file model-v6.cif (mmCIF, C-alpha atoms)
data_query
#
loop_
_atom_site.group_PDB
_atom_site.id
_atom_site.type_symbol
_atom_site.label_atom_id
_atom_site.label_comp_id
_atom_site.auth_asym_id
_atom_site.auth_seq_id
_atom_site.Cartn_x
_atom_site.Cartn_y
_atom_site.Cartn_z
ATOM 1 C CA MET C 37 99.138 82.201 40.070
ATOM 2 C CA LEU C 38 100.833 79.623 42.339
ATOM 3 C CA ASP C 39 103.259 78.642 39.566
ATOM 4 C CA ALA C 40 104.452 82.260 39.422
ATOM 5 C CA ILE C 41 105.256 82.519 43.158
ATOM 6 C CA ASP C 42 108.490 81.444 44.794
ATOM 7 C CA LEU C 43 107.224 79.941 48.070
ATOM 8 C CA ASN C 44 110.206 81.466 49.883
ATOM 9 C CA LEU C 45 108.657 84.872 49.170
ATOM 10 C CA LEU C 46 105.713 83.903 51.345
ATOM 11 C CA ARG C 47 108.052 83.142 54.249
ATOM 12 C CA ILE C 48 109.607 86.594 53.832
ATOM 13 C CA PHE C 49 106.155 88.192 53.562
ATOM 14 C CA ASP C 50 105.165 86.473 56.823
ATOM 15 C CA ALA C 51 108.273 87.811 58.593
ATOM 16 C CA VAL C 52 107.610 91.402 57.458
ATOM 17 C CA MET C 53 103.967 91.114 58.523
ATOM 18 C CA THR C 54 105.066 89.850 61.945
ATOM 19 C CA GLU C 55 107.736 92.497 62.512
ATOM 20 C CA ARG C 56 106.093 95.395 60.629
ATOM 21 C CA ASN C 57 109.666 96.421 59.916
ATOM 22 C CA VAL C 58 111.889 95.289 56.998
ATOM 23 C CA THR C 59 115.152 95.582 58.944
ATOM 24 C CA ARG C 60 113.888 93.499 61.858
ATOM 25 C CA ALA C 61 112.412 90.955 59.457
ATOM 26 C CA ALA C 62 115.786 90.669 57.746
ATOM 27 C CA PHE C 63 117.451 90.045 61.099
ATOM 28 C CA THR C 64 114.917 87.315 61.920
ATOM 29 C CA LEU C 65 115.432 85.652 58.544
ATOM 30 C CA HIS C 66 119.244 85.991 58.619
ATOM 31 C CA MET C 67 119.083 87.976 55.389
ATOM 32 C CA THR C 68 120.228 91.429 54.371
ATOM 33 C CA GLN C 69 117.733 94.255 54.344
ATOM 34 C CA PRO C 70 118.102 94.809 50.566
ATOM 35 C CA ALA C 71 117.445 91.098 49.939
ATOM 36 C CA VAL C 72 114.189 91.276 51.920
ATOM 37 C CA SER C 73 113.160 94.476 50.100
ATOM 38 C CA ASN C 74 113.868 92.850 46.722
ATOM 39 C CA ALA C 75 111.799 89.803 47.675
ATOM 40 C CA ILE C 76 108.839 91.981 48.708
ATOM 41 C CA ASN C 77 109.128 93.910 45.441
ATOM 42 C CA ARG C 78 108.968 90.629 43.495
ATOM 43 C CA LEU C 79 105.870 89.631 45.444
ATOM 44 C CA ARG C 80 104.316 93.048 44.805
ATOM 45 C CA LEU C 81 104.705 92.591 41.055
ATOM 46 C CA THR C 82 103.237 89.094 41.165
ATOM 47 C CA LEU C 83 100.243 90.030 43.319
ATOM 48 C CA LYS C 84 99.797 93.487 41.733
ATOM 49 C CA ASP C 85 99.508 95.174 45.131
ATOM 50 C CA PRO C 86 101.889 97.434 47.111
ATOM 51 C CA LEU C 87 101.501 95.092 50.143
ATOM 52 C CA PHE C 88 103.336 97.513 52.486
ATOM 53 C CA ILE C 89 103.428 101.279 52.863
ATOM 54 C CA LYS C 90 106.395 102.959 54.532
ATOM 55 C CA VAL C 91 105.545 104.735 57.788
ATOM 56 C CA GLN C 92 107.648 106.135 60.594
ATOM 57 C CA GLY C 93 109.349 103.245 62.372
ATOM 58 C CA GLY C 94 108.443 100.544 59.851
ATOM 59 C CA VAL C 95 105.779 99.535 57.345
ATOM 60 C CA LEU C 96 101.987 99.385 57.346
ATOM 61 C CA PRO C 97 100.293 96.458 55.540
ATOM 62 C CA THR C 98 97.723 97.199 52.854
ATOM 63 C CA GLN C 99 94.227 95.755 53.117
ATOM 64 C CA ARG C 100 95.192 93.038 50.599
ATOM 65 C CA ALA C 101 98.199 92.075 52.721
ATOM 66 C CA GLU C 102 96.027 91.836 55.835
ATOM 67 C CA LEU C 103 93.621 89.522 54.000
ATOM 68 C CA LEU C 104 96.408 87.349 52.599
ATOM 69 C CA TRP C 105 98.355 86.924 55.831
ATOM 70 C CA PRO C 106 96.140 84.535 57.876
ATOM 71 C CA PRO C 107 95.896 81.788 55.202
ATOM 72 C CA ILE C 108 99.562 82.192 54.272
ATOM 73 C CA ARG C 109 100.668 81.961 57.894
ATOM 74 C CA ASP C 110 98.402 78.960 58.431
ATOM 75 C CA ALA C 111 99.835 77.212 55.369
ATOM 76 C CA LEU C 112 103.428 77.917 56.453
ATOM 77 C CA ALA C 113 102.664 76.559 59.939
ATOM 78 C CA ARG C 114 101.229 73.365 58.470
ATOM 79 C CA ILE C 115 104.233 72.918 56.195
ATOM 80 C CA ALA C 116 106.572 73.475 59.160
ATOM 81 C CA ALA C 117 104.644 70.944 61.236
ATOM 82 C CA THR C 118 104.926 68.395 58.433
ATOM 83 C CA LEU C 119 108.648 68.881 57.973
ATOM 84 C CA GLU C 120 109.664 69.360 61.609
ATOM 85 C CA ARG C 121 111.114 66.504 63.587
ATOM 86 C CA ASN C 122 108.822 65.072 66.259
ATOM 87 C CA GLU C 123 111.116 66.443 68.948
ATOM 88 C CA PHE C 124 111.698 70.149 69.397
ATOM 89 C CA ASP C 125 115.251 71.256 70.184
ATOM 90 C CA PRO C 126 114.991 74.545 72.141
ATOM 91 C CA ALA C 127 118.774 74.941 72.275
ATOM 92 C CA ARG C 128 118.951 75.276 68.477
ATOM 93 C CA SER C 129 115.550 76.754 67.707
ATOM 94 C CA GLU C 130 115.076 80.280 66.390
ATOM 95 C CA ALA C 131 111.296 80.173 66.777
ATOM 96 C CA VAL C 132 109.354 83.432 67.057
ATOM 97 C CA PHE C 133 106.300 83.447 69.349
ATOM 98 C CA ARG C 134 103.661 86.190 69.420
ATOM 99 C CA LEU C 135 101.659 86.276 72.643
ATOM 100 C CA ALA C 136 98.765 88.484 73.762
ATOM 101 C CA MET C 137 98.375 89.134 77.483
ATOM 102 C CA SER C 138 98.006 91.837 80.098
ATOM 103 C CA ASP C 139 100.972 93.250 81.967
ATOM 104 C CA TYR C 140 99.835 91.301 85.067
ATOM 105 C CA VAL C 141 100.040 87.939 83.276
ATOM 106 C CA ALA C 142 103.264 88.929 81.528
ATOM 107 C CA ASP C 143 104.872 89.732 84.869
ATOM 108 C CA GLN C 144 103.675 86.431 86.331
ATOM 109 C CA VAL C 145 104.626 84.273 83.358
ATOM 110 C CA ILE C 146 106.817 85.828 80.650
ATOM 111 C CA ARG C 147 109.362 87.509 82.903
ATOM 112 C CA PRO C 148 110.362 84.322 84.792
ATOM 113 C CA LEU C 149 109.979 82.217 81.617
ATOM 114 C CA PHE C 150 112.329 84.365 79.567
ATOM 115 C CA VAL C 151 114.866 84.696 82.364
ATOM 116 C CA GLU C 152 114.973 80.915 82.767
ATOM 117 C CA GLN C 153 115.043 80.167 79.034
ATOM 118 C CA GLN C 154 117.984 82.456 78.237
ATOM 119 C CA SER C 155 120.347 79.521 78.712
ATOM 120 C CA VAL C 156 117.978 76.734 77.584
ATOM 121 C CA ALA C 157 116.612 78.389 74.430
ATOM 122 C CA PRO C 158 118.883 81.368 73.764
ATOM 123 C CA ASN C 159 117.656 82.106 70.231
ATOM 124 C CA ILE C 160 113.882 82.085 70.626
ATOM 125 C CA ARG C 161 112.104 85.428 70.327
ATOM 126 C CA ILE C 162 108.907 86.500 72.061
ATOM 127 C CA HIS C 163 106.725 89.430 70.990
ATOM 128 C CA LEU C 164 104.002 90.638 73.355
ATOM 129 C CA HIS C 165 100.802 92.065 71.874
ATOM 130 C CA PRO C 166 98.020 94.020 73.622
ATOM 131 C CA TYR C 167 95.336 91.800 75.130
ATOM 132 C CA SER C 168 91.667 92.437 75.731
ATOM 133 C CA LEU C 169 88.583 90.274 76.150
ATOM 134 C CA ASP C 170 87.147 91.792 72.977
ATOM 135 C CA ASN C 171 89.905 90.958 70.514
ATOM 136 C CA THR C 172 91.486 87.703 71.707
ATOM 137 C CA ALA C 173 89.441 85.268 69.637
ATOM 138 C CA ALA C 174 89.850 87.363 66.488
ATOM 139 C CA LEU C 175 93.631 87.633 66.939
ATOM 140 C CA LEU C 176 93.932 83.863 67.296
ATOM 141 C CA ASP C 177 91.549 83.094 64.428
ATOM 142 C CA LYS C 178 93.423 85.426 62.072
ATOM 143 C CA GLY C 179 96.794 84.060 63.132
ATOM 144 C CA GLU C 180 97.999 87.458 64.330
ATOM 145 C CA VAL C 181 99.100 85.909 67.641
ATOM 146 C CA ASP C 182 100.134 82.352 68.488
ATOM 147 C CA MET C 183 98.769 82.240 72.039
ATOM 148 C CA ALA C 184 96.968 84.448 74.517
ATOM 149 C CA ALA C 185 96.583 84.350 78.276
ATOM 150 C CA GLY C 186 93.932 86.033 80.360
ATOM 151 C CA VAL C 187 90.535 85.848 81.996
ATOM 152 C CA TYR C 188 88.613 84.684 78.959
ATOM 153 C CA SER C 189 85.727 82.212 78.859
ATOM 154 C CA ASN C 190 83.975 82.723 75.503
ATOM 155 C CA PHE C 191 85.794 79.909 73.742
ATOM 156 C CA GLY C 192 84.881 79.052 70.154
ATOM 157 C CA SER C 193 85.097 75.557 68.724
ATOM 158 C CA SER C 194 88.495 76.275 67.149
ATOM 159 C CA LEU C 195 90.192 77.434 70.363
ATOM 160 C CA ARG C 196 92.018 75.310 72.915
ATOM 161 C CA THR C 197 92.592 76.242 76.562
ATOM 162 C CA LEU C 198 94.787 75.409 79.516
ATOM 163 C CA PRO C 199 93.984 76.811 83.003
ATOM 164 C CA LEU C 200 96.978 78.560 84.575
ATOM 165 C CA GLU C 201 95.794 80.376 87.693
ATOM 166 C CA THR C 202 92.679 80.825 89.789
ATOM 167 C CA LEU C 203 92.622 84.494 90.746
ATOM 168 C CA THR C 204 92.124 85.553 94.362
ATOM 169 C CA TYR C 205 90.969 89.167 94.472
ATOM 170 C CA VAL C 206 91.698 91.541 97.358
ATOM 171 C CA CYS C 207 90.893 95.124 98.177
ATOM 172 C CA ALA C 208 94.266 96.888 98.306
ATOM 173 C CA MET C 209 95.083 100.228 99.912
ATOM 174 C CA ARG C 210 97.994 101.977 101.601
ATOM 175 C CA LYS C 211 98.973 101.162 105.158
ATOM 176 C CA GLY C 212 97.379 103.695 107.474
ATOM 177 C CA HIS C 213 94.396 104.215 105.166
ATOM 178 C CA PRO C 214 91.394 105.605 107.116
ATOM 179 C CA LEU C 215 89.253 102.605 106.105
ATOM 180 C CA LEU C 216 91.590 100.282 108.015
ATOM 181 C CA SER C 217 90.720 102.002 111.297
ATOM 182 C CA LEU C 218 87.004 101.221 110.981
ATOM 183 C CA PRO C 219 85.664 98.489 113.280
ATOM 184 C CA ARG C 220 84.141 96.817 110.219
ATOM 185 C CA PHE C 221 84.672 97.426 106.483
ATOM 186 C CA THR C 222 81.124 97.431 105.074
ATOM 187 C CA LEU C 223 79.774 97.429 101.539
ATOM 188 C CA ASP C 224 78.651 101.047 101.987
ATOM 189 C CA ASP C 225 82.186 102.015 103.005
ATOM 190 C CA PHE C 226 83.492 100.198 99.944
ATOM 191 C CA LEU C 227 81.097 101.903 97.516
ATOM 192 C CA ARG C 228 81.746 105.409 98.904
ATOM 193 C CA ALA C 229 85.540 105.084 98.872
ATOM 194 C CA ARG C 230 87.600 106.568 96.039
ATOM 195 C CA HIS C 231 88.392 103.694 93.684
ATOM 196 C CA LEU C 232 91.286 103.068 91.336
ATOM 197 C CA VAL C 233 90.046 100.863 88.471
ATOM 198 C CA VAL C 234 92.294 98.679 86.336
ATOM 199 C CA SER C 235 90.700 98.052 82.944
ATOM 200 C CA LEU C 236 92.667 96.958 79.876
ATOM 201 C CA LEU C 237 90.201 98.767 77.610
ATOM 202 C CA GLY C 238 89.855 101.819 79.849
ATOM 203 C CA THR C 239 86.150 101.060 80.390
ATOM 204 C CA ALA C 240 84.187 99.474 83.218
ATOM 205 C CA ALA C 241 85.924 96.460 84.765
ATOM 206 C CA LEU C 242 84.301 93.054 85.276
ATOM 207 C CA ILE C 243 83.614 93.831 88.944
ATOM 208 C CA ASP C 244 81.564 96.871 87.901
ATOM 209 C CA HIS C 245 79.265 94.629 85.884
ATOM 210 C CA GLU C 246 78.880 92.359 88.915
ATOM 211 C CA LEU C 247 78.056 95.315 91.161
ATOM 212 C CA ALA C 248 75.608 96.746 88.613
ATOM 213 C CA ALA C 249 73.755 93.414 88.484
ATOM 214 C CA HIS C 250 72.982 93.912 92.200
ATOM 215 C CA GLY C 251 72.139 97.605 91.806
ATOM 216 C CA TYR C 252 75.463 98.918 93.154
ATOM 217 C CA LYS C 253 77.958 101.377 91.712
ATOM 218 C CA ARG C 254 81.355 102.230 93.145
ATOM 219 C CA ASN C 255 83.035 105.639 93.145
ATOM 220 C CA ALA C 256 85.604 105.188 90.348
ATOM 221 C CA VAL C 257 87.805 108.292 90.217
ATOM 222 C CA LEU C 258 90.800 106.979 88.241
ATOM 223 C CA THR C 259 90.931 104.265 85.564
ATOM 224 C CA ILE C 260 94.223 102.866 84.265
ATOM 225 C CA ASN C 261 95.018 100.112 81.768
ATOM 226 C CA GLN C 262 97.930 98.360 83.466
ATOM 227 C CA PHE C 263 98.289 96.521 86.758
ATOM 228 C CA ALA C 264 101.929 97.499 87.284
ATOM 229 C CA LEU C 265 100.997 101.133 87.968
ATOM 230 C CA ALA C 266 98.335 100.333 90.566
ATOM 231 C CA PRO C 267 100.515 99.526 93.635
ATOM 232 C CA ARG C 268 102.474 102.776 93.415
ATOM 233 C CA LEU C 269 99.305 104.847 92.996
ATOM 234 C CA LEU C 270 97.748 103.107 95.981
ATOM 235 C CA ALA C 271 100.848 103.660 98.118
ATOM 236 C CA GLU C 272 100.815 107.397 97.391
ATOM 237 C CA THR C 273 97.064 108.147 97.629
ATOM 238 C CA ASP C 274 93.902 107.254 99.549
ATOM 239 C CA LEU C 275 92.545 105.286 96.601
ATOM 240 C CA ILE C 276 91.517 101.651 96.994
ATOM 241 C CA CYS C 277 91.563 99.016 94.280
ATOM 242 C CA ILE C 278 90.335 95.481 93.590
ATOM 243 C CA VAL C 279 93.288 93.501 92.202
ATOM 244 C CA PRO C 280 94.582 89.921 92.129
ATOM 245 C CA VAL C 281 96.482 89.268 95.349
ATOM 246 C CA ASN C 282 99.722 88.573 93.440
ATOM 247 C CA ALA C 283 99.616 92.072 91.969
ATOM 248 C CA VAL C 284 100.244 93.268 95.545
ATOM 249 C CA ARG C 285 102.546 90.482 96.737
ATOM 250 C CA ASN C 286 104.906 90.758 93.787
ATOM 251 C CA SER C 287 105.059 94.548 93.750
ATOM 252 C CA PRO C 288 108.087 96.494 94.997
ATOM 253 C CA HIS C 289 105.524 98.553 96.948
ATOM 254 C CA SER C 290 104.051 95.550 98.771
ATOM 255 C CA HIS C 291 105.539 96.699 102.109
ATOM 256 C CA GLN C 292 103.499 99.907 101.822
ATOM 257 C CA LEU C 293 100.169 98.212 101.163
ATOM 258 C CA GLU C 294 97.457 96.280 102.974
ATOM 259 C CA ALA C 295 95.307 93.701 101.209
ATOM 260 C CA ILE C 296 91.965 92.838 102.807
ATOM 261 C CA GLU C 297 88.955 90.792 101.803
ATOM 262 C CA PRO C 298 86.423 92.783 99.750
ATOM 263 C CA PRO C 299 82.993 93.283 101.385
ATOM 264 C CA PHE C 300 81.369 92.025 98.193
ATOM 265 C CA PRO C 301 81.642 88.387 97.013
ATOM 266 C CA LEU C 302 83.472 88.218 93.679
ATOM 267 C CA ILE C 303 82.980 85.495 91.091
ATOM 268 C CA PRO C 304 86.118 83.300 90.928
ATOM 269 C CA ARG C 305 87.969 83.715 87.629
ATOM 270 C CA THR C 306 90.639 81.672 85.929
ATOM 271 C CA VAL C 307 93.551 82.847 83.820
ATOM 272 C CA ASN C 308 93.636 80.574 80.779
ATOM 273 C CA LEU C 309 96.296 79.971 78.176
ATOM 274 C CA ILE C 310 94.502 80.023 74.815
ATOM 275 C CA TRP C 311 95.590 78.973 71.312
ATOM 276 C CA HIS C 312 94.111 77.959 67.973
ATOM 277 C CA GLU C 313 93.647 74.314 67.092
ATOM 278 C CA ARG C 314 95.945 74.713 64.070
ATOM 279 C CA SER C 315 98.944 74.855 66.423
ATOM 280 C CA ASP C 316 97.899 71.912 68.623
ATOM 281 C CA ASN C 317 100.615 69.607 67.316
ATOM 282 C CA LEU C 318 103.372 72.059 66.417
ATOM 283 C CA PRO C 319 106.371 70.855 68.483
ATOM 284 C CA ALA C 320 107.604 74.390 69.218
ATOM 285 C CA HIS C 321 104.194 75.496 70.421
ATOM 286 C CA ARG C 322 103.698 72.393 72.559
ATOM 287 C CA TRP C 323 107.095 73.036 74.138
ATOM 288 C CA LEU C 324 106.203 76.651 74.973
ATOM 289 C CA ARG C 325 102.862 75.644 76.486
ATOM 290 C CA GLU C 326 104.608 73.103 78.701
ATOM 291 C CA GLU C 327 107.219 75.662 79.775
ATOM 292 C CA ILE C 328 104.544 78.229 80.635
ATOM 293 C CA LEU C 329 102.770 75.628 82.769
ATOM 294 C CA LYS C 330 106.034 74.815 84.588
ATOM 295 C CA VAL C 331 106.576 78.499 85.343
ATOM 296 C CA CYS C 332 103.057 78.845 86.737
ATOM 297 C CA LYS C 333 103.600 75.899 89.064
ATOM 298 C CA ALA C 334 107.006 77.213 90.170
ATOM 299 C CA GLN C 335 105.479 80.643 90.854
ATOM 300 C CA GLY C 336 102.953 79.066 93.203
ATOM 301 C CA MET C 337 100.014 80.174 91.131
ATOM 302 C CA MET C 338 96.774 78.478 92.159
ATOM 303 C CA PHE C 339 96.796 75.868 89.416
ATOM 304 C CA ASP C 340 94.405 72.920 89.704
ATOM 305 C CA PRO C 341 96.296 69.806 88.541
ATOM 306 C CA VAL C 342 93.039 67.915 88.074
ATOM 307 C CA GLN C 343 92.197 70.294 85.238
ATOM 308 C CA GLY C 344 95.754 70.384 83.964
ATOM 309 C CA ALA C 345 95.284 68.412 80.772
ATOM 310 C CA GLU C 346 94.849 70.474 77.646
ATOM 311 C CA SER C 347 91.099 70.860 77.198
ATOM 312 C CA HIS C 348 89.279 70.994 73.901
ATOM 313 C CA ALA C 349 86.406 73.469 73.910
ATOM 314 C CA TYR C 350 83.631 72.221 71.654
#
call {"tool": "encode", "arguments": {"input": "model-v6.cif", "output": "C-alpha cells"}}
result
Amino acid sequence: MLDAIDLNLLRIFDAVMTERNVTRAAFTLHMTQPAVSNAINRLRLTLKDPLFIKVQGGVLPTQRAELLWPPIRDALARIAATLERNEFDPARSEAVFRLAMSDYVADQVIRPLFVEQQSVAPNIRIHLHPYSLDNTAALLDKGEVDMAAGVYSNFGSSLRTLPLETLTYVCAMRKGHPLLSLPRFTLDDFLRARHLVVSLLGTAALIDHELAAHGYKRNAVLTINQFALAPRLLAETDLICIVPVNAVRNSPHSHQLEAIEPPFPLIPRTVNLIWHERSDNLPAHRWLREEILKVCKAQGMMFDPVQGAESHAY
C-alpha cells in the first residue's frame, strides 16, 4: 500500500482535514483548488474510500478519514521535526497552529499574542477550537489540536503542561446592586441572589460542585457559555456572577461593575498550557509556547516563576 501512495498526498490530506475546506487548504498549501481536489481524488482511489463529503461551507470527513488522520498527522510532524533546522525562524514560517481554549483565555493570551506577532511572524496562522474539560485530552491525543489552555488537571502520561495563571475569583455585580448596601454579604445572601453562571458546556460550573459538596445550591437563573458576555449582562441586570477577576478588569464594562470577595472559599485553580509529548521538541511549537508565556508575564497574569519550567506529568 505504501508504495502506491505519493507522500505529498498525505500532506494535502492533512491540510484538508485541518481546514475542512478545499479552497482554504489550497491557500494554506500555496496550490490551486483544482490541484488539491485532484490530489484528494488520487488518494480516494488508492484508499478506496470517499474520504470527504461535500457539505455547505466545506467538506465533512468520512469515518475512515477520521481514523487515518491522527497517525498521518503524527508521522508528518515527526518527519518535519527531523528535517527542520534546530532554530525556528518566525519571520519566514508559515506554520499553522490549532489551539483549544475558552474565550476568557483567548482574550488574555491569543489577542495580545497575535497583535504582537503580526510584525514578528506575519505568515503564521492560528485556528481556535472549542475547549471543554471533557474533550481536551482526546483532542490532543488524536492530534486534532496542537495545544490547549484552560483549568485542567487530569493529565495523562502523554500530556505536558505549563502553568500560565493562578485564577483569582470574585463575585461581580453592577454598581448600585442592592447586595452592596448590606452591612455584610453573607453566604445566605449569596445563595439567594439571582446568579449568572458561565459554563463552557452549558451545565453546572465547577463552583456548583464545590457548593454541592457542602450541601449548598445557588439560585442559577441564566447559564451562558462565554465569559465575554457576562460583564454586559451584569451591568444591565441584578444578576451576580463568580468570574476570574481579569474578566471584570479587562472588560469595556468594568467601570459599571463592582467585584467583591465571595462569601464562600473557592479552591484556587490554575490555567495550564497543555500539549502532547509528540510536539515537545518541534521548534515551531517550542517557539509558540515561549511566546505564550511571555504574553502571560507581560499581561501581569499571576504566573509562578518557580513552577515555570515545562513539567512532565507522569
call {"tool": "closest_atom_pairs", "arguments": {"input": "model-v6.cif", "of": "region 295-331 of chain C", "to": "region 256-280 of chain C", "cutoff": "12 Å", "atoms": "all atoms listed in the file", "output": "JSON lines"}}
result
{"residue": "C:Ala295", "atom": "CA", "partner": "C:Val279", "partner_atom": "CA", "distance": 9.2}
{"residue": "C:Ile296", "atom": "CA", "partner": "C:Ile278", "partner_atom": "CA", "distance": 9.7}
{"residue": "C:Glu297", "atom": "CA", "partner": "C:Ile278", "partner_atom": "CA", "distance": 9.6}
{"residue": "C:Pro298", "atom": "CA", "partner": "C:Ile278", "partner_atom": "CA", "distance": 7.8}
{"residue": "C:Pro299", "atom": "CA", "partner": "C:Ile278", "partner_atom": "CA", "distance": 10.9}
{"residue": "C:Phe300", "atom": "CA", "partner": "C:Ile278", "partner_atom": "CA", "distance": 10.7}
{"residue": "C:Pro301", "atom": "CA", "partner": "C:Ile278", "partner_atom": "CA", "distance": 11.7}
{"residue": "C:Leu302", "atom": "CA", "partner": "C:Ile278", "partner_atom": "CA", "distance": 10.0}
{"residue": "C:Pro304", "atom": "CA", "partner": "C:Pro280", "partner_atom": "CA", "distance": 10.8}
{"residue": "C:Arg305", "atom": "CA", "partner": "C:Pro280", "partner_atom": "CA", "distance": 10.1}
{"residue": "C:Thr306", "atom": "CA", "partner": "C:Pro280", "partner_atom": "CA", "distance": 11.0}
{"residue": "C:Val307", "atom": "CA", "partner": "C:Pro280", "partner_atom": "CA", "distance": 11.0}
call {"tool": "atom_distance", "arguments": {"input": "model-v6.cif", "atom1": "CA of Val234 (chain C)", "atom2": "CA of Phe133 (chain C)"}}
result
26.8 Å
call {"tool": "atom_distance", "arguments": {"input": "model-v6.cif", "atom1": "CA of Lys253 (chain C)", "atom2": "CA of Cys207 (chain C)"}}
result
15.8 Å
call {"tool": "closest_residue", "arguments": {"input": "model-v6.cif", "among": "C:Ala142, C:Val281, C:Leu324, C:Ile162", "to": "Ala185 (chain C)", "atoms": "all atoms listed in the file"}}
result
C:Ala142
call {"tool": "closest_residue", "arguments": {"input": "model-v6.cif", "among": "C:Ala101, C:Leu293, C:Ile328, C:Val91", "to": "Thr54 (chain C)", "atoms": "all atoms listed in the file"}}
result
C:Ala101
call {"tool": "closest_residue", "arguments": {"input": "model-v6.cif", "among": "C:Leu237, C:Leu45, C:Leu79, C:Ala136", "to": "Leu176 (chain C)", "atoms": "all atoms listed in the file"}}
result
C:Ala136
call {"tool": "closest_residue", "arguments": {"input": "model-v6.cif", "among": "C:Val181, C:Val284, C:Leu103, C:Ile48", "to": "Asn77 (chain C)", "atoms": "only C-alpha atoms"}}
result
C:Ile48
call {"tool": "atom_distance", "arguments": {"input": "model-v6.cif", "atom1": "CA of Asp316 (chain C)", "atom2": "CA of Met183 (chain C)"}}
result
10.9 Å
call {"tool": "axis_aligned_box", "arguments": {"input": "model-v6.cif", "around": "region 67-84 of chain C", "padding_each_side": "6 Å", "output": "AutoDock Vina command-line options"}}
result
--center_x 110.0 --center_y 91.4 --center_z 48.2 --size_x 32.4 --size_y 18.8 --size_z 26.3
call {"tool": "resolve_selection", "arguments": {"input": "model-v6.cif", "expression": "the PyMOL selection byres ((chain C and resi 198) around 6)", "output": "list in words"}}
result
Thr197, Pro199, Asn308, Leu309 and Glu346 of chain C
call {"tool": "closest_residue", "arguments": {"input": "model-v6.cif", "among": "C:Ala75, C:Ala131, C:Met209, C:Ile146", "to": "Ile41 (chain C)", "atoms": "only C-alpha atoms"}}
result
C:Ala75
call {"tool": "closest_residue", "arguments": {"input": "model-v6.cif", "among": "C:Arg128, C:Arg230, C:Arg134, C:Arg314", "to": "Asn159 (chain C)", "atoms": "only C-alpha atoms"}}
result
C:Arg128
